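Engineer: Below is the file entry_3.csv, with CSV, C-alpha atoms.
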chain,number,residue,atom,x,y,z
A,1117,MET,CA,0.0,0.0,0.0
A,1118,THR,CA,3.0,2.3,0.3
A,1119,HIS,CA,3.2,2.9,-3.5
A,1120,LEU,CA,-0.4,4.0,-3.8
A,1121,ALA,CA,0.5,7.2,-1.9
A,1122,GLU,CA,2.9,8.3,-4.7
A,1123,LEU,CA,0.1,8.5,-7.2
A,1124,PRO,CA,-1.2,12.0,-8.1
A,1125,SER,CA,-4.7,12.6,-6.9
A,1126,TRP,CA,-6.3,13.0,-10.4
A,1127,ALA,CA,-5.0,9.6,-11.4
A,1128,ALA,CA,-6.1,8.0,-8.1
A,1129,LEU,CA,-9.6,9.4,-8.6
A,1130,LEU,CA,-9.8,8.2,-12.2
A,1131,THR,CA,-8.5,4.8,-11.3
A,1132,ALA,CA,-10.9,4.4,-8.5
A,1133,LEU,CA,-13.9,5.5,-10.6
A,1134,LEU,CA,-13.0,3.2,-13.5
A,1135,LEU,CA,-12.4,0.2,-11.2
A,1136,LEU,CA,-15.8,0.7,-9.5
A,1137,LEU,CA,-17.6,1.1,-12.8
A,1138,GLY,CA,-16.0,-2.0,-14.3
A,1139,ALA,CA,-16.7,-4.1,-11.2
A,1140,ALA,CA,-20.3,-2.9,-11.0
A,1141,LEU,CA,-20.9,-3.7,-14.7
A,1142,ALA,CA,-19.4,-7.2,-14.1
A,1143,LEU,CA,-21.7,-7.7,-11.2
A,1144,ILE,CA,-24.8,-6.5,-13.1
A,1145,GLY,CA,-23.9,-8.9,-16.0
A,1146,SER,CA,-23.4,-11.9,-13.7
A,1147,PHE,CA,-26.7,-11.0,-11.8
A,1148,GLY,CA,-28.5,-11.0,-15.1
A,1149,LEU,CA,-27.0,-14.4,-15.9
A,1150,LEU,CA,-28.5,-15.6,-12.6
A,1151,ARG,CA,-31.9,-14.0,-13.0
A,1152,PHE,CA,-32.9,-14.4,-16.7
A,1153,GLY,CA,-35.3,-17.2,-17.5
A,1154,SER,CA,-34.2,-19.0,-20.7
A,1155,PHE,CA,-30.7,-19.8,-22.1
A,1156,TYR,CA,-31.1,-17.4,-25.1
A,1157,GLU,CA,-31.8,-14.5,-22.8
A,1158,ARG,CA,-29.1,-15.6,-20.4
A,1159,ILE,CA,-26.3,-15.6,-23.0
A,1160,HIS,CA,-26.7,-11.8,-23.5
A,1161,ALA,CA,-26.2,-10.7,-19.9
A,1162,PRO,CA,-22.5,-11.6,-19.2
A,1163,THR,CA,-21.3,-9.8,-22.3
A,1164,LEU,CA,-21.8,-6.6,-20.3
A,1165,GLY,CA,-18.9,-7.8,-18.1
A,1166,SER,CA,-16.8,-9.1,-20.8
A,1167,THR,CA,-16.9,-6.0,-23.0
A,1168,LEU,CA,-17.4,-2.8,-21.0
A,1169,GLY,CA,-16.6,-4.2,-17.5
A,1170,ILE,CA,-13.2,-5.7,-18.4
A,1171,GLY,CA,-12.5,-2.7,-20.7
A,1172,PHE,CA,-12.9,-0.2,-17.8
A,1173,VAL,CA,-10.7,-2.4,-15.5
A,1174,LEU,CA,-8.0,-2.7,-18.2
A,1175,ILE,CA,-8.0,1.1,-18.8
A,1176,ALA,CA,-7.8,1.7,-15.0
A,1177,SER,CA,-4.8,-0.7,-14.8
A,1178,MET,CA,-3.0,0.9,-17.8
A,1179,LEU,CA,-3.6,4.4,-16.4
A,1180,PHE,CA,-2.5,3.4,-12.9
A,1181,PHE,CA,0.8,1.7,-13.9
A,1182,SER,CA,1.6,4.4,-16.6
A,1183,VAL,CA,1.3,7.3,-14.1
A,1184,LEU,CA,3.0,5.4,-11.3
A,1185,ARG,CA,6.1,4.3,-13.4
A,1186,SER,CA,5.9,7.7,-15.4
A,1187,ARG,CA,6.3,5.8,-18.7
A,1188,PRO,CA,3.6,4.1,-20.9
A,1189,VAL,CA,2.9,0.6,-19.5
A,1190,LEU,CA,0.5,-0.8,-22.2
A,1191,HIS,CA,0.8,-4.6,-21.9
A,1192,GLU,CA,-2.8,-4.7,-20.9
A,1193,VAL,CA,-3.6,-4.1,-24.6
A,1194,LEU,CA,-2.8,-7.8,-25.0
A,1195,ILE,CA,-5.8,-8.8,-22.8
A,1196,THR,CA,-8.0,-6.2,-24.5
A,1197,ALA,CA,-7.2,-7.6,-28.0
A,1198,LEU,CA,-7.7,-11.2,-26.7
A,1199,MET,CA,-11.1,-10.3,-25.2
A,1200,VAL,CA,-12.3,-8.4,-28.3
A,1201,VAL,CA,-11.4,-11.3,-30.6
A,1202,THR,CA,-12.6,-14.2,-28.4
A,1203,THR,CA,-15.8,-13.1,-26.7
A,1204,PRO,CA,-18.0,-13.1,-29.9
A,1205,ILE,CA,-16.4,-16.3,-31.1
A,1206,THR,CA,-17.2,-18.3,-27.9
A,1207,LEU,CA,-20.7,-16.9,-27.5
A,1208,MET,CA,-21.6,-17.5,-31.1
A,1209,LEU,CA,-20.3,-21.1,-30.9
A,1210,LEU,CA,-22.3,-21.7,-27.7
A,1211,ALA,CA,-25.5,-20.2,-29.1
A,1212,ARG,CA,-25.2,-22.3,-32.2
A,1213,ALA,CA,-24.5,-25.4,-30.2
A,1214,ALA,CA,-27.5,-24.7,-28.0
A,1215,LEU,CA,-29.7,-24.1,-31.0
A,1216,TYR,CA,-28.6,-27.3,-32.6
A,1217,ARG,CA,-29.3,-29.3,-29.4
A,1218,ASP,CA,-32.8,-27.7,-29.0
A,1219,ARG,CA,-33.6,-28.5,-32.7
A,1220,THR,CA,-32.5,-32.1,-32.5
A,1221,GLU,CA,-34.5,-32.6,-29.4
A,1222,GLY,CA,-37.6,-31.0,-31.1
A,1223,ASN,CA,-38.2,-28.2,-28.6
A,1224,ASP,CA,-40.9,-25.9,-29.7
A,1225,ASP,CA,-39.5,-22.5,-28.5
A,1226,VAL,CA,-36.7,-22.3,-31.1
A,1227,PRO,CA,-37.1,-21.0,-34.7
A,1228,PRO,CA,-36.9,-23.6,-37.4
A,1229,SER,CA,-33.8,-23.9,-39.5
A,1230,VAL,CA,-33.8,-22.0,-42.8
B,454,MET,CA,-7.3,11.2,2.0
B,455,ILE,CA,-7.4,10.5,-1.7
B,456,THR,CA,-5.2,7.4,-1.2
B,457,GLU,CA,-7.5,6.0,1.4
B,458,MET,CA,-10.4,6.6,-1.1
B,459,LEU,CA,-8.4,4.6,-3.7
B,460,ILE,CA,-7.7,1.8,-1.2
B,461,TRP,CA,-11.4,1.6,-0.2
B,462,SER,CA,-12.6,1.6,-3.8
B,463,ILE,CA,-10.2,-1.2,-4.7
B,464,PHE,CA,-11.6,-3.1,-1.8
B,465,LEU,CA,-15.2,-2.5,-2.9
B,466,ALA,CA,-14.3,-3.4,-6.5
B,467,GLN,CA,-12.9,-6.7,-5.2
B,468,ILE,CA,-16.1,-7.4,-3.2
B,469,LEU,CA,-18.3,-6.6,-6.2
B,470,LEU,CA,-16.2,-9.0,-8.4
B,471,VAL,CA,-16.4,-11.8,-5.8
B,472,LEU,CA,-20.2,-11.4,-5.7
B,473,ALA,CA,-20.2,-11.6,-9.5
B,474,MET,CA,-18.2,-14.8,-9.4
B,475,GLY,CA,-20.7,-16.1,-6.8
B,476,CYS,CA,-23.6,-15.4,-9.2
B,477,ALA,CA,-21.7,-17.3,-11.9
B,478,VAL,CA,-21.0,-20.2,-9.6
B,479,ILE,CA,-24.7,-20.5,-8.6
B,480,ARG,CA,-25.6,-20.6,-12.3
B,481,ILE,CA,-23.0,-23.4,-12.9
B,482,LEU,CA,-24.5,-25.4,-10.0
B,483,ARG,CA,-28.1,-24.8,-10.9
B,484,GLY,CA,-27.8,-25.5,-14.6
B,485,PRO,CA,-30.5,-26.5,-15.8
B,486,ARG,CA,-28.7,-27.6,-19.0
B,487,ALA,CA,-25.2,-28.1,-20.1
B,488,GLN,CA,-25.0,-24.8,-22.1
B,489,ASP,CA,-26.2,-22.8,-19.2
B,490,ARG,CA,-23.3,-24.2,-17.1
B,491,VAL,CA,-20.8,-23.4,-19.9
B,492,VAL,CA,-22.0,-19.7,-20.0
B,493,GLY,CA,-21.6,-19.6,-16.3
B,494,LEU,CA,-18.0,-21.0,-16.6
B,495,ASP,CA,-17.2,-18.4,-19.2
B,496,THR,CA,-18.5,-15.6,-17.0
B,497,LEU,CA,-16.5,-17.0,-14.1
B,498,TYR,CA,-13.3,-16.9,-16.2
B,499,VAL,CA,-13.9,-13.2,-17.2
B,500,ASN,CA,-14.6,-12.2,-13.6
B,501,ALA,CA,-11.5,-14.0,-12.4
B,502,THR,CA,-9.4,-12.1,-15.0
B,503,MET,CA,-10.8,-8.8,-13.7
B,504,LEU,CA,-10.2,-9.8,-10.1
B,505,LEU,CA,-6.5,-10.6,-10.9
B,506,LEU,CA,-6.1,-7.2,-12.5
B,507,VAL,CA,-7.5,-5.5,-9.5
B,508,PHE,CA,-5.1,-7.6,-7.3
B,509,GLY,CA,-2.3,-6.3,-9.5
B,510,ILE,CA,-3.4,-2.7,-8.9
B,511,ARG,CA,-3.7,-3.3,-5.2
B,512,THR,CA,-0.2,-4.7,-4.8
B,513,THR,CA,1.3,-2.5,-7.6
B,514,SER,CA,2.9,-5.6,-9.1
B,515,THR,CA,2.8,-6.6,-12.7
B,516,LEU,CA,3.1,-10.3,-11.8
B,517,TYR,CA,-0.7,-10.7,-11.7
B,518,PHE,CA,-1.0,-9.5,-15.2
B,519,GLU,CA,0.6,-12.7,-16.6
B,520,ALA,CA,-1.9,-14.8,-14.6
B,521,ALA,CA,-4.8,-12.7,-15.9
B,522,LEU,CA,-3.6,-13.2,-19.5
B,523,ILE,CA,-3.3,-16.9,-19.1
B,524,ILE,CA,-6.7,-17.2,-17.5
B,525,ALA,CA,-8.3,-15.2,-20.3
B,526,LEU,CA,-6.6,-17.4,-22.9
B,527,LEU,CA,-7.6,-20.7,-21.1
B,528,GLY,CA,-11.1,-19.4,-20.7
B,529,PHE,CA,-11.4,-18.9,-24.5
B,530,VAL,CA,-9.9,-22.3,-25.3
B,531,SER,CA,-12.0,-24.2,-22.8
B,532,THR,CA,-15.3,-22.6,-23.8
B,533,ALA,CA,-14.7,-23.1,-27.5
B,534,ALA,CA,-13.8,-26.8,-26.9
B,535,ILE,CA,-16.9,-27.4,-24.7
B,536,ALA,CA,-19.1,-25.6,-27.3
B,537,LYS,CA,-17.7,-27.9,-30.0
B,538,PHE,CA,-18.3,-30.9,-27.8
B,539,LEU,CA,-21.9,-29.9,-27.2
B,540,MET,CA,-22.4,-29.4,-30.9
B,541,ARG,CA,-20.7,-32.5,-32.3
B,542,GLY,CA,-20.1,-34.9,-29.4
B,543,GLU,CA,-16.4,-34.8,-29.9
B,544,VAL,CA,-13.8,-32.0,-29.7
B,545,ILE,CA,-11.3,-33.0,-32.4
B,546,GLU,CA,-12.8,-34.7,-35.5
Let's see the structure in the file written out as structure tokens.

Structural biologist:
Amino acid sequence: MTHLAELPSWAALLTALLLLLGAALALIGSFGLLRFGSFYERIHAPTLGSTLGIGFVLIASMLFFSVLRSRPVLHEVLITALMVVTTPITLMLLARAALYRDRTEGNDDVPPSV
Amino acid sequence: MITEMLIWSIFLAQILLVLAMGCAVIRILRGPRAQDRVVGLDTLYVNATMLLLVFGIRTTSTLYFEAALIIALLGFVSTAAIAKFLMRGEVIE
């Protein structure tokens, strides 16, 4: 905790704000995952955490370490690029797999295949 | 004063992220079907990545960053593999 005191106040304020915003968005997304009724509604909720939530936390981390070390520390861009590329892929694969399973079991609440 | 505010907000962010992970764990346990559990697992991975980044800020060490990167990567690979398994019945054809 000793290093935290060396941070200028504007950077500390901004870091705290971004961290709280990111964590709150992640909580809202996970709560939606818990509350929604069907799988196709549920798959939308956690994307709130995996786009904006983790984005805010990564920006907070970049800002914090850049100001603290007084040089650009940007290796969090790696995680950002990874999340941007992988989140749509995983969720699309999952939704297609769920749709396929529902169709082969003959459930009524899914649209027919074109 | 402002440092204490930063420390408290890091603490609060950690609590919020742990609650989010708890929601994901409840979804994994409750199901009701396999795809719901997989979405819960994916959410758990994302929340764990964020929690590790917050740990890194709290301890001002970049060591946690590597762990966060590996968790993000493993989360993608595992979710893609399980989705493939749910679709086809096998991972590598």

Engineer: Once you count only C-alpha atoms, which residues of chain A turn out to be within 7 Å of chain B? Could you give them as a VMD selection string?

Structural biologist: chain A and resid 1117 1120 to 1121 1125 1128 to 1129 1132 1135 to 1136 1139 to 1140 1142 to 1143 1146 to 1147 1150 1155 1159 1162 1166 1170 1173 1177 1195 1202 1206 1209 to 1210 1213 to 1214 1216

Engineer: Suppose you want the space between atom CA of A:Val1193 and atom CA of A:Leu1149; what is it in Å?

Structural biologist: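 Atom CA of A:Leu1149 lies 27.0 Å from atom CA of A:Val1193.
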
Engineer: Can you pull out every residue within 8 Å of A:Phe1172, counting all atoms listed in the file, but drop anything in the same chain fewer than 6 positions away, and send it as a PyMOL selection string?

Structural biologist: chain A and resi 1134-1135+1137-1138

Engineer: Just how far from atom CA of A:Leu1184 is atom CA of B:Leu516, in Å to one decimal?

Structural biologist: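 A separation of 15.7 Å between them.
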
Engineer: What is the distance between atom CA of A:Gly1169 and atom CA of A:His1191, in Å to one decimal?

Structural biologist: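 Pair atom CA of A:Gly1169 / atom CA of A:His1191 returns 18.0 Å.
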
Engineer: Ranking A:Leu1164, A:Met1178, A:Met1208, A:Val1226 by minimum distance to A:Thr1196 and counting only C-alpha atoms, which one comes first?

Structural biologist: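 Looking only at the distances to A:Thr1196, the closest residue turns out to be A:Met1178.
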
Engineer: Which residue, A:Ala1127, A:Arg1217, A:Arg1158, A:Thr1163, has the smallest gap to A:Leu1141 when you use only C-alpha atoms?

Structural biologist: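 Selected residue with least distance to A:Leu1141: A:Thr1163.
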